[in-house]
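Q: Got a file for you: entry.pdb, PDB, C-alpha atoms and all ligand atoms.
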ATOM      1  CA  MET A   3      26.031 -23.403  -8.010
ATOM      2  CA  ARG A   4      23.058 -21.228  -8.877
ATOM      3  CA  LEU A   5      20.631 -20.423  -6.097
ATOM      4  CA  ASN A   6      17.014 -19.656  -6.709
ATOM      5  CA  ALA A   7      15.466 -16.731  -4.803
ATOM      6  CA  VAL A   8      14.264 -18.764  -1.853
ATOM      7  CA  GLU A   9      17.555 -20.596  -1.465
ATOM      8  CA  ALA A  10      19.473 -17.335  -1.762
ATOM      9  CA  ARG A  11      17.285 -15.774   0.930
ATOM     10  CA  ARG A  12      18.053 -18.743   3.189
ATOM     11  CA  TRP A  13      21.803 -18.528   2.689
ATOM     12  CA  LEU A  14      22.274 -14.753   2.800
ATOM     13  CA  PRO A  15      22.254 -14.447   6.608
ATOM     14  CA  VAL A  16      24.709 -17.359   6.811
ATOM     15  CA  ALA A  17      27.008 -15.657   4.320
ATOM     16  CA  ALA A  18      26.673 -12.404   6.231
ATOM     17  CA  ALA A  19      27.471 -14.118   9.509
ATOM     18  CA  ALA A  20      30.534 -15.707   7.922
ATOM     19  CA  LEU A  21      31.602 -12.245   6.788
ATOM     20  CA  VAL A  22      31.322 -10.955  10.334
ATOM     21  CA  LEU A  23      33.334 -13.896  11.689
ATOM     22  CA  VAL A  24      36.061 -13.436   9.118
ATOM     23  CA  SER A  25      36.165  -9.704   9.703
ATOM     24  CA  CYS A  26      36.401 -10.136  13.496
ATOM     25  CA  GLY A  27      39.592 -12.064  12.909
ATOM     26  CA  SER A  28      41.136  -9.230  10.933
ATOM     27  CA  ASN A  29      39.615  -6.419  13.042
ATOM     28  CA  LEU A  30      37.538  -5.058  10.153
ATOM     29  CA  GLN A  31      34.249  -3.372  11.016
ATOM     30  CA  VAL A  32      31.984  -5.331   8.689
ATOM     31  CA  THR A  33      28.506  -6.277   9.856
ATOM     32  CA  ALA A  34      25.498  -8.023   8.380
ATOM     33  CA  THR A  35      23.620  -4.716   8.217
ATOM     34  CA  GLN A  36      25.926  -3.564   5.418
ATOM     35  CA  LEU A  37      24.322  -5.924   2.916
ATOM     36  CA  PRO A  38      22.573  -3.807   0.272
ATOM     37  CA  ALA A  39      18.854  -3.396   1.019
ATOM     38  CA  ALA A  40      17.984  -4.483  -2.543
ATOM     39  CA  GLN A  41      18.733  -8.147  -3.248
ATOM     40  CA  TYR A  42      18.181  -9.693  -6.674
ATOM     41  CA  THR A  43      17.903 -13.120  -8.229
ATOM     42  CA  VAL A  44      20.512 -13.966 -10.876
ATOM     43  CA  ASP A  45      18.032 -12.922 -13.579
ATOM     44  CA  GLY A  46      17.480  -9.487 -12.062
ATOM     45  CA  LYS A  47      14.259  -9.940 -10.117
ATOM     46  CA  LEU A  48      14.011  -8.043  -6.828
ATOM     47  CA  LEU A  49      13.556 -10.270  -3.786
ATOM     48  CA  ALA A  50      10.603  -9.054  -1.728
ATOM     49  CA  PRO A  51      12.103  -6.995   1.116
ATOM     50  CA  ILE A  52      11.420  -9.025   4.256
ATOM     51  CA  ASP A  53      12.500  -6.771   7.107
ATOM     52  CA  TYR A  54      11.213  -3.432   5.788
ATOM     53  CA  ARG A  55       8.992  -3.107   8.864
ATOM     54  CA  ASP A  56      12.210  -2.588  10.858
ATOM     55  CA  TRP A  57      13.266   0.271   8.532
ATOM     56  CA  VAL A  58      12.692   4.016   8.927
ATOM     57  CA  PHE A  59       9.054   5.100   8.768
ATOM     58  CA  LEU A  60       8.363   8.034   6.419
ATOM     59  CA  THR A  61       4.598   8.409   6.317
ATOM     60  CA  SER A  62       1.102   6.948   6.243
ATOM     61  CA  GLY A  63      -1.681   8.032   3.901
ATOM     62  CA  VAL A  64      -5.399   7.215   4.122
ATOM     63  CA  ASN A  65      -7.519   6.788   0.985
ATOM     64  CA  MET A  66      -5.115   8.878  -1.111
ATOM     65  CA  ASN A  67      -6.434   9.341  -4.650
ATOM     66  CA  TYR A  68      -4.461  11.017  -7.443
ATOM     67  CA  SER A  69      -7.303  11.487  -9.916
ATOM     68  CA  ASP A  70     -10.488  13.578 -10.011
ATOM     69  CA  GLN A  71     -12.580  10.428 -10.173
ATOM     70  CA  PRO A  72     -13.714   8.765  -6.923
ATOM     71  CA  MET A  73     -11.942   5.449  -6.330
ATOM     72  CA  ASN A  74     -14.955   3.287  -5.405
ATOM     73  CA  MET A  75     -12.618   0.676  -3.951
ATOM     74  CA  GLY A  76     -15.259  -0.751  -1.662
ATOM     75  CA  HIS A  77     -12.810  -0.606   1.232
ATOM     76  CA  GLU A  78     -10.600   1.870   3.078
ATOM     77  CA  MET A  79      -6.966   1.967   2.015
ATOM     78  CA  VAL A  80      -4.029   2.949   4.197
ATOM     79  CA  ASP A  81      -0.459   3.121   2.945
ATOM     80  CA  ASN A  82       2.774   3.123   4.919
ATOM     81  CA  VAL A  83       6.143   4.159   3.490
ATOM     82  CA  PHE A  84       9.527   2.926   4.778
ATOM     83  CA  VAL A  85      13.125   3.547   3.664
ATOM     84  CA  ASP A  86      16.189   1.405   4.408
ATOM     85  CA  PRO A  87      18.134   2.860   7.380
ATOM     86  CA  ALA A  88      21.544   3.230   5.676
ATOM     87  CA  SER A  89      20.072   5.382   2.876
ATOM     88  CA  TRP A  90      18.040   7.434   5.343
ATOM     89  CA  HIS A  91      21.248   8.142   7.235
ATOM     90  CA  LYS A  92      22.819   9.536   4.037
ATOM     91  CA  PHE A  93      19.667  11.443   3.095
ATOM     92  CA  LYS A  94      19.672  13.176   6.481
ATOM     93  CA  ALA A  95      23.199  14.421   5.810
ATOM     94  CA  SER A  96      22.657  15.538   2.198
ATOM     95  CA  GLY A  97      18.940  15.726   1.298
ATOM     96  CA  ARG A  98      19.703  13.293  -1.535
ATOM     97  CA  TRP A  99      18.836   9.628  -1.924
ATOM     98  CA  PRO A 100      22.073   7.676  -2.524
ATOM     99  CA  ASP A 101      22.447   4.765  -4.925
ATOM    100  CA  GLY A 102      21.145   1.701  -3.093
ATOM    101  CA  THR A 103      18.102   3.497  -1.662
ATOM    102  CA  VAL A 104      15.073   1.228  -1.311
ATOM    103  CA  ILE A 105      11.705   2.803  -0.458
ATOM    104  CA  VAL A 106       8.764   0.477   0.184
ATOM    105  CA  LYS A 107       5.098   1.411   0.086
ATOM    106  CA  GLU A 108       2.787  -1.136   1.658
ATOM    107  CA  GLY A 109      -0.961  -0.822   1.215
ATOM    108  CA  ARG A 110      -3.299  -2.178   3.867
ATOM    109  CA  VAL A 111      -7.046  -2.535   4.110
ATOM    110  CA  GLY A 112      -8.334  -0.013   6.644
ATOM    111  CA  SER A 113     -11.329  -0.673   8.838
ATOM    112  CA  SER A 114     -13.497   1.383  11.157
ATOM    113  CA  LYS A 115     -15.249  -1.481  12.930
ATOM    114  CA  GLY A 116     -13.376  -3.354  15.610
ATOM    115  CA  SER A 117     -12.828  -3.559  19.353
ATOM    116  CA  ILE A 118     -13.606  -0.251  21.095
ATOM    117  CA  ASN A 119     -13.304   1.933  17.959
ATOM    118  CA  LYS A 120     -16.268   4.274  17.347
ATOM    119  CA  SER A 121     -14.983   6.379  14.435
ATOM    120  CA  GLY A 122     -11.850   6.848  12.349
ATOM    121  CA  ILE A 123      -9.865   4.188  10.520
ATOM    122  CA  PHE A 124      -7.292   1.684  11.738
ATOM    123  CA  GLN A 125      -5.100  -0.706   9.757
ATOM    124  CA  THR A 126      -5.704  -4.426   9.457
ATOM    125  CA  GLU A 127      -3.414  -7.396   8.845
ATOM    126  CA  GLN A 128      -4.696  -7.564   5.252
ATOM    127  CA  ARG A 129      -1.823  -6.339   3.096
ATOM    128  CA  PHE A 130      -1.721  -5.625  -0.636
ATOM    129  CA  ASP A 131       1.257  -6.112  -2.944
ATOM    130  CA  LEU A 132       4.411  -4.247  -1.943
ATOM    131  CA  GLU A 133       5.386  -1.349  -4.208
ATOM    132  CA  VAL A 134       9.118  -0.741  -4.245
ATOM    133  CA  HIS A 135      11.231   2.136  -5.614
ATOM    134  CA  VAL A 136      14.962   1.421  -5.897
ATOM    135  CA  ARG A 137      17.720   3.879  -6.762
ATOM    136  CA  ASP A 138      20.592   2.292  -8.670
ATOM    137  CA  SER A 139      22.064   4.343 -11.496
ATOM    138  CA  LYS A 140      24.084   1.413 -12.835
ATOM    139  CA  ARG A 141      21.158  -0.965 -13.014
ATOM    140  CA  PHE A 142      18.346   1.332 -14.146
ATOM    141  CA  LYS A 143      18.249   3.808 -17.005
ATOM    142  CA  GLY A 144      17.001   7.025 -15.414
ATOM    143  CA  GLY A 145      18.443   6.029 -12.042
ATOM    144  CA  TRP A 146      15.406   4.408 -10.438
ATOM    145  CA  GLY A 147      13.496   1.146 -10.882
ATOM    146  CA  PHE A 148       9.953   0.296  -9.807
ATOM    147  CA  PHE A 149       8.803  -3.128  -8.653
ATOM    148  CA  VAL A 150       5.634  -4.697  -7.336
ATOM    149  CA  ASN A 151       6.280  -7.729  -5.128
ATOM    150  CA  THR A 152       3.315 -10.037  -4.664
ATOM    151  CA  GLY A 153       3.544 -11.925  -1.372
ATOM    152  CA  ASP A 154       7.143 -13.085  -0.947
ATOM    153  CA  LYS A 155       7.712 -13.605  -4.693
ATOM    154  CA  PRO A 156      10.627 -11.929  -6.524
ATOM    155  CA  ALA A 157       9.532  -9.205  -8.980
ATOM    156  CA  ARG A 158      10.807  -8.076 -12.374
ATOM    157  CA  PRO A 159      11.592  -4.363 -12.828
ATOM    158  CA  LEU A 160       8.552  -2.652 -14.346
ATOM    159  CA  PRO A 161       9.197  -1.374 -17.894
ATOM    160  CA  ALA A 162       9.881   2.336 -18.468
ATOM    161  CA  THR A 163       6.412   2.606 -20.026
ATOM    162  CA  ALA A 164       4.710   1.758 -16.677
ATOM    163  CA  SER A 165       2.625   4.631 -15.291
ATOM    164  CA  CYS A 166       4.747   4.705 -12.127
ATOM    165  CA  TYR A 167       7.682   6.408 -13.881
ATOM    166  CA  ALA A 168       5.687   9.196 -15.545
ATOM    167  CA  CYS A 169       3.735  10.216 -12.438
ATOM    168  CA  HIS A 170       6.754  10.071 -10.112
ATOM    169  CA  LEU A 171       8.859  12.049 -12.588
ATOM    170  CA  ALA A 172       6.184  14.716 -13.093
ATOM    171  CA  HIS A 173       5.059  15.100  -9.476
ATOM    172  CA  GLY A 174       7.682  13.724  -7.067
ATOM    173  CA  ALA A 175       9.278  16.740  -5.346
ATOM    174  CA  VAL A 176      12.720  15.158  -4.848
ATOM    175  CA  ASP A 177      14.361  13.022  -7.517
ATOM    176  CA  THR A 178      11.092  11.232  -8.519
ATOM    177  CA  THR A 179      10.132  10.528  -4.871
ATOM    178  CA  PHE A 180       7.140  12.041  -3.066
ATOM    179  CA  VAL A 181       9.066  13.766  -0.291
ATOM    180  CA  GLN A 182       6.339  16.454  -0.186
ATOM    181  CA  PHE A 183       4.276  13.878   1.718
ATOM    182  CA  TYR A 184       7.074  12.702   4.058
ATOM    183  CA  PRO A 185       7.057  15.182   6.969
ATOM    184  CA  THR A 186      10.466  14.338   8.424
ATOM    185  CA  ALA A 187      12.220  14.150   5.036
ATOM    186  CA  LYS A 188      10.737  17.309   3.511
ATOM    187  CA  PRO A 189      12.527  19.925   5.698
ATOM    188  CA  ILE A 190      15.864  18.178   5.059
ATOM    189  CA  ALA A 191      15.377  18.356   1.287
ATOM    190  CA  VAL A 192      14.155  21.959   1.459
ATOM    191  CA  LYS A 193      17.241  22.947   3.458
ATOM    192  CA  ALA A 194      19.516  21.127   0.978
ATOM    193  CA  GLY A 195      17.913  23.075  -1.886
ATOM    194  CA  VAL A 196      16.753  19.958  -3.754
ATOM    195  CA  PHE A 197      13.019  20.251  -3.045
ATOM    196  CA  ASP A 198      10.798  21.209  -5.988
ATOM    197  CA  ALA A 199       7.885  23.054  -4.338
ATOM    198  CA  GLY A 200       6.041  23.313  -7.678
ATOM    199  CA  LYS A 201       5.285  19.605  -7.757
TER     200      LYS A 201
HETATM  201  C1  LIG B 301      -0.635   9.189 -10.463
HETATM  202  C2  LIG B 301       0.559   9.216  -9.680
HETATM  203  C3  LIG B 301       1.237   7.941  -9.248
HETATM  204  C4  LIG B 301       1.405   6.776  -9.964
HETATM  205  C5  LIG B 301       0.897   6.420 -11.339
HETATM  206  C6  LIG B 301       2.204   5.901  -9.124
HETATM  207  N1  LIG B 301       2.513   6.505  -7.944
HETATM  208 FE1  LIG B 301       3.746   5.790  -6.504
HETATM  209  N2  LIG B 301       3.343   7.379  -5.355
HETATM  210  C7  LIG B 301       2.487   8.412  -5.669
HETATM  211  C8  LIG B 301       2.320   9.263  -4.509
HETATM  212  C9  LIG B 301       1.445  10.521  -4.437
HETATM  213  C10 LIG B 301       3.096   8.713  -3.482
HETATM  214  C11 LIG B 301       3.193   9.202  -2.026
HETATM  215  C12 LIG B 301       2.337   8.256  -1.164
HETATM  216  C13 LIG B 301       2.136   8.698   0.269
HETATM  217  O1  LIG B 301       2.351   9.854   0.594
HETATM  218  O2  LIG B 301       1.747   7.846   1.093
HETATM  219  C14 LIG B 301       3.760   7.561  -4.056
HETATM  220  C15 LIG B 301       4.709   6.813  -3.389
HETATM  221  C16 LIG B 301       5.289   5.680  -3.890
HETATM  222  C17 LIG B 301       6.332   4.943  -3.256
HETATM  223  C18 LIG B 301       7.134   5.404  -2.046
HETATM  224  C19 LIG B 301       8.488   5.974  -2.535
HETATM  225  C20 LIG B 301       8.444   7.258  -3.360
HETATM  226  O3  LIG B 301       8.902   7.182  -4.518
HETATM  227  O4  LIG B 301       8.008   8.312  -2.871
HETATM  228  C21 LIG B 301       6.537   3.826  -3.989
HETATM  229  C22 LIG B 301       7.504   2.702  -3.690
HETATM  230  C23 LIG B 301       5.634   3.882  -5.112
HETATM  231  N3  LIG B 301       4.906   5.032  -5.044
HETATM  232  C24 LIG B 301       5.546   2.904  -6.084
HETATM  233  C25 LIG B 301       4.769   3.025  -7.220
HETATM  234  C26 LIG B 301       4.662   1.996  -8.240
HETATM  235  C27 LIG B 301       5.359   0.656  -8.198
HETATM  236  C28 LIG B 301       3.831   2.489  -9.204
HETATM  237  C29 LIG B 301       3.410   1.826 -10.505
HETATM  238  C30 LIG B 301       2.893   0.497 -10.434
HETATM  239  C31 LIG B 301       3.418   3.818  -8.773
HETATM  240  N4  LIG B 301       4.012   4.107  -7.578
HETATM  241  C32 LIG B 301       2.577   4.625  -9.514
HETATM  242  C33 LIG B 301       1.929   8.641  -6.897
HETATM  243  C34 LIG B 301       1.929   7.740  -7.954
END
Can the structure from this file be put into structure tokens for me?

A:
Amino acid sequence: MRLNAVEARRWLPVAAAALVLVSCGSNLQVTATQLPAAQYTVDGKLLAPIDYRDWVFLTSGVNMNYSDQPMNMGHEMVDNVFVDPASWHKFKASGRWPDGTVIVKEGRVGSSKGSINKSGIFQTEQRFDLEVHVRDSKRFKGGWGFFVNTGDKPARPLPATASCYACHLAHGAVDTTFVQFYPTAKPIAVKAGVFDAGK
């Protein structure tokens, strides 16, 4: 039986629960949380991560712009970055992202008008596409794959020619990730000697 993405998403927790039940019988310590954070359809599309808001928070940025030109977006833009907890646990011990790492960047429309707010920017419910960076040296040439999930739709890996790869490779301070902007991750990478301060 082949499951499409939505069906697979529906059955995963059931399969995981079955795993836990089976393992209880044989005293194995297997839990649902050990499912890899990245889940794919049979044709290699990444399922949109659903519970990333329960993951480990790395940073927020407001109106970040990587070019000399003004963005003229017509709205404020806030981004939030999260990493799956199991990979964060390993990163804390080594300063390196293990295979299986999934880092999600969600963009949100920021607003300054609302409730009692007089100045400054807060985040709204209005979310943009999810940008996802996945480390898997078996699956991706170069070790990492980029995805953009629209809504809850599965996403194809972006081709190596996509601008994401070049910018992250040239400027990401740790293994193509922007740890220079993640205040709790940066000191760990610096201490481990894997932080490229020139980026
Ligand atoms: C010109 C440079 C540039 C390009 C092009 C770019 N990014 Fe990034 N990306 C950044 C920066 C800077 C950050 C750090 C954001 C922050 O601090 O909030 C980042 C962070 C991320 C993160 C968080 C994980 C990490 O690797 O640090 C993801 C996921 C991500 N980008 C996805 C993408 C995708 C998908 C594309 C292509 C569609 C892309 N990026 C293109 C500069 C870039």

Q: Could you work out how far CA of Ala95 (chain A) lies from atom C27 of ligand LIG 301 (chain B), giving the answer in Å with one decimal?

A: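 We find that atom C27 of ligand LIG 301 (chain B) and CA of Ala95 (chain A) lie 26.5 Å from each other.
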
Q: Quick one: which chain A residues come within 7 Å of ligand LIG 301 (chain B), and what is the nearest atom pair for each with the distance in Å to one decimal, counting only C-alpha atoms and all ligand atoms, rows ordered by chain and ascending number, as CSV?

A:
residue,atom,partner,partner_atom,distance
A:Thr61,CA,B:LIG301,O2,6.0
A:Ser62,CA,B:LIG301,O2,5.3
A:Gly63,CA,B:LIG301,O2,4.4
A:Tyr68,CA,B:LIG301,C1,5.2
A:Asp81,CA,B:LIG301,O2,5.5
A:Asn82,CA,B:LIG301,O2,6.2
A:Val83,CA,B:LIG301,C18,5.8
A:Ile105,CA,B:LIG301,C19,5.0
A:Val106,CA,B:LIG301,C22,4.6
A:Lys107,CA,B:LIG301,C22,4.7
A:Glu133,CA,B:LIG301,C27,4.5
A:Val134,CA,B:LIG301,C22,3.8
A:His135,CA,B:LIG301,C22,4.2
A:Phe148,CA,B:LIG301,C27,4.9
A:Phe149,CA,B:LIG301,C27,5.1
A:Val150,CA,B:LIG301,C27,5.4
A:Ala164,CA,B:LIG301,C29,6.3
A:Ser165,CA,B:LIG301,C5,4.7
A:Cys166,CA,B:LIG301,C32,3.4
A:Tyr167,CA,B:LIG301,C32,7.0
A:Ala168,CA,B:LIG301,C5,7.0
A:Cys169,CA,B:LIG301,C2,4.3
A:His170,CA,B:LIG301,C34,5.8
A:Gly174,CA,B:LIG301,O4,6.9
A:Thr178,CA,B:LIG301,O3,6.1
A:Thr179,CA,B:LIG301,O3,3.6
A:Phe180,CA,B:LIG301,O4,3.8
A:Val181,CA,B:LIG301,O4,6.1
A:Phe183,CA,B:LIG301,O1,4.6
A:Tyr184,CA,B:LIG301,O1,6.5

Q: Can I get the selection written as an mmCIF file, keeping the file's coordinate frame, with C-alpha atoms?

A:
data_model
loop_
_atom_site.group_PDB
_atom_site.id
_atom_site.type_symbol
_atom_site.label_atom_id
_atom_site.label_comp_id
_atom_site.auth_asym_id
_atom_site.auth_seq_id
_atom_site.Cartn_x
_atom_site.Cartn_y
_atom_site.Cartn_z
ATOM 1 C CA THR A 61 4.598 8.409 6.317
ATOM 2 C CA SER A 62 1.102 6.948 6.243
ATOM 3 C CA GLY A 63 -1.681 8.032 3.901
ATOM 4 C CA TYR A 68 -4.461 11.017 -7.443
ATOM 5 C CA ASP A 81 -0.459 3.121 2.945
ATOM 6 C CA ASN A 82 2.774 3.123 4.919
ATOM 7 C CA VAL A 83 6.143 4.159 3.490
ATOM 8 C CA ILE A 105 11.705 2.803 -0.458
ATOM 9 C CA VAL A 106 8.764 0.477 0.184
ATOM 10 C CA LYS A 107 5.098 1.411 0.086
ATOM 11 C CA GLU A 133 5.386 -1.349 -4.208
ATOM 12 C CA VAL A 134 9.118 -0.741 -4.245
ATOM 13 C CA HIS A 135 11.231 2.136 -5.614
ATOM 14 C CA PHE A 148 9.953 0.296 -9.807
ATOM 15 C CA PHE A 149 8.803 -3.128 -8.653
ATOM 16 C CA VAL A 150 5.634 -4.697 -7.336
ATOM 17 C CA ALA A 164 4.710 1.758 -16.677
ATOM 18 C CA SER A 165 2.625 4.631 -15.291
ATOM 19 C CA CYS A 166 4.747 4.705 -12.127
ATOM 20 C CA TYR A 167 7.682 6.408 -13.881
ATOM 21 C CA ALA A 168 5.687 9.196 -15.545
ATOM 22 C CA CYS A 169 3.735 10.216 -12.438
ATOM 23 C CA HIS A 170 6.754 10.071 -10.112
ATOM 24 C CA GLY A 174 7.682 13.724 -7.067
ATOM 25 C CA THR A 178 11.092 11.232 -8.519
ATOM 26 C CA THR A 179 10.132 10.528 -4.871
ATOM 27 C CA PHE A 180 7.140 12.041 -3.066
ATOM 28 C CA VAL A 181 9.066 13.766 -0.291
ATOM 29 C CA PHE A 183 4.276 13.878 1.718
ATOM 30 C CA TYR A 184 7.074 12.702 4.058
#

Q: Run through the PyMOL selection byres (((chain A and resi 49) around 7) and not hetatm) on the given coordinates and return the selected residues as number ranges by chain.

A: A: 7, 41-43, 47-48, 50-51, 155-157

Q: Counting only C-alpha atoms, which residue out of A:Val196, A:Leu37, A:Gly109, A:Arg141 sits closest to Met66 (chain A)?

A: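 Using only C-alpha atoms, the shortest distance to Met66 (chain A) belongs to A:Gly109.
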
Q: Hey, can you check how far CA of Asp154 (chain A) sits from CA of Val80 (chain A)?

A: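 These atoms are spaced 20.2 Å apart.
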
Q: At what distance in Å, to one decimal, does CA of Gln128 (chain A) lie from CA of Ser113 (chain A)?

A: 10.2 Å

Q: Tell me which protein, DNA and RNA residues are within 9 Å of His77 (chain A), counting all atoms listed in the file, leaving out same-chain ones fewer than 2 positions away, and put them as a count of residues only.

A: 6

Q: Quick one: which residues end up in the PyMOL selection byres (((chain A and resi 98) around 12) and not hetatm) for this structure, as a ChimeraX atom specification?

A: /A:89-97,99-103,137,175-179,181,187-188,190-197

Q: Using all atoms listed in the file, can you tell me which of A:Ile118, A:Ala40, A:Leu160, A:Leu60 comes closest to Val136 (chain A)?

A: A:Ala40

Q: For each of A:Gln71, A:Gln36, A:Thr186, A:Asn119, take the minimum atom-to-atom distance to Ala88 (chain A), counting all atoms listed in the file, then give the residue where this is smallest.

A: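 Of the candidates, the smallest distance to Ala88 (chain A) is held by A:Gln36.
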
Q: From the list A:Val44, A:Val104, A:Asp53, A:Val64, which residue is nearest Phe124 (chain A) when using only C-alpha atoms?

A: A:Val64

Q: Between A:Gly200, A:Asp138, A:Asn65, A:Glu108, which one has atoms that come closest to Pro38 (chain A), using all atoms listed in the file?

A: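 Answer, going by the shortest atom-to-atom distance: A:Asp138.
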
Q: Counting only C-alpha atoms, which of A:Lys120, A:Ala39, A:Pro161, A:Ser69 gets nearest to Pro87 (chain A)?

A: A:Ala39
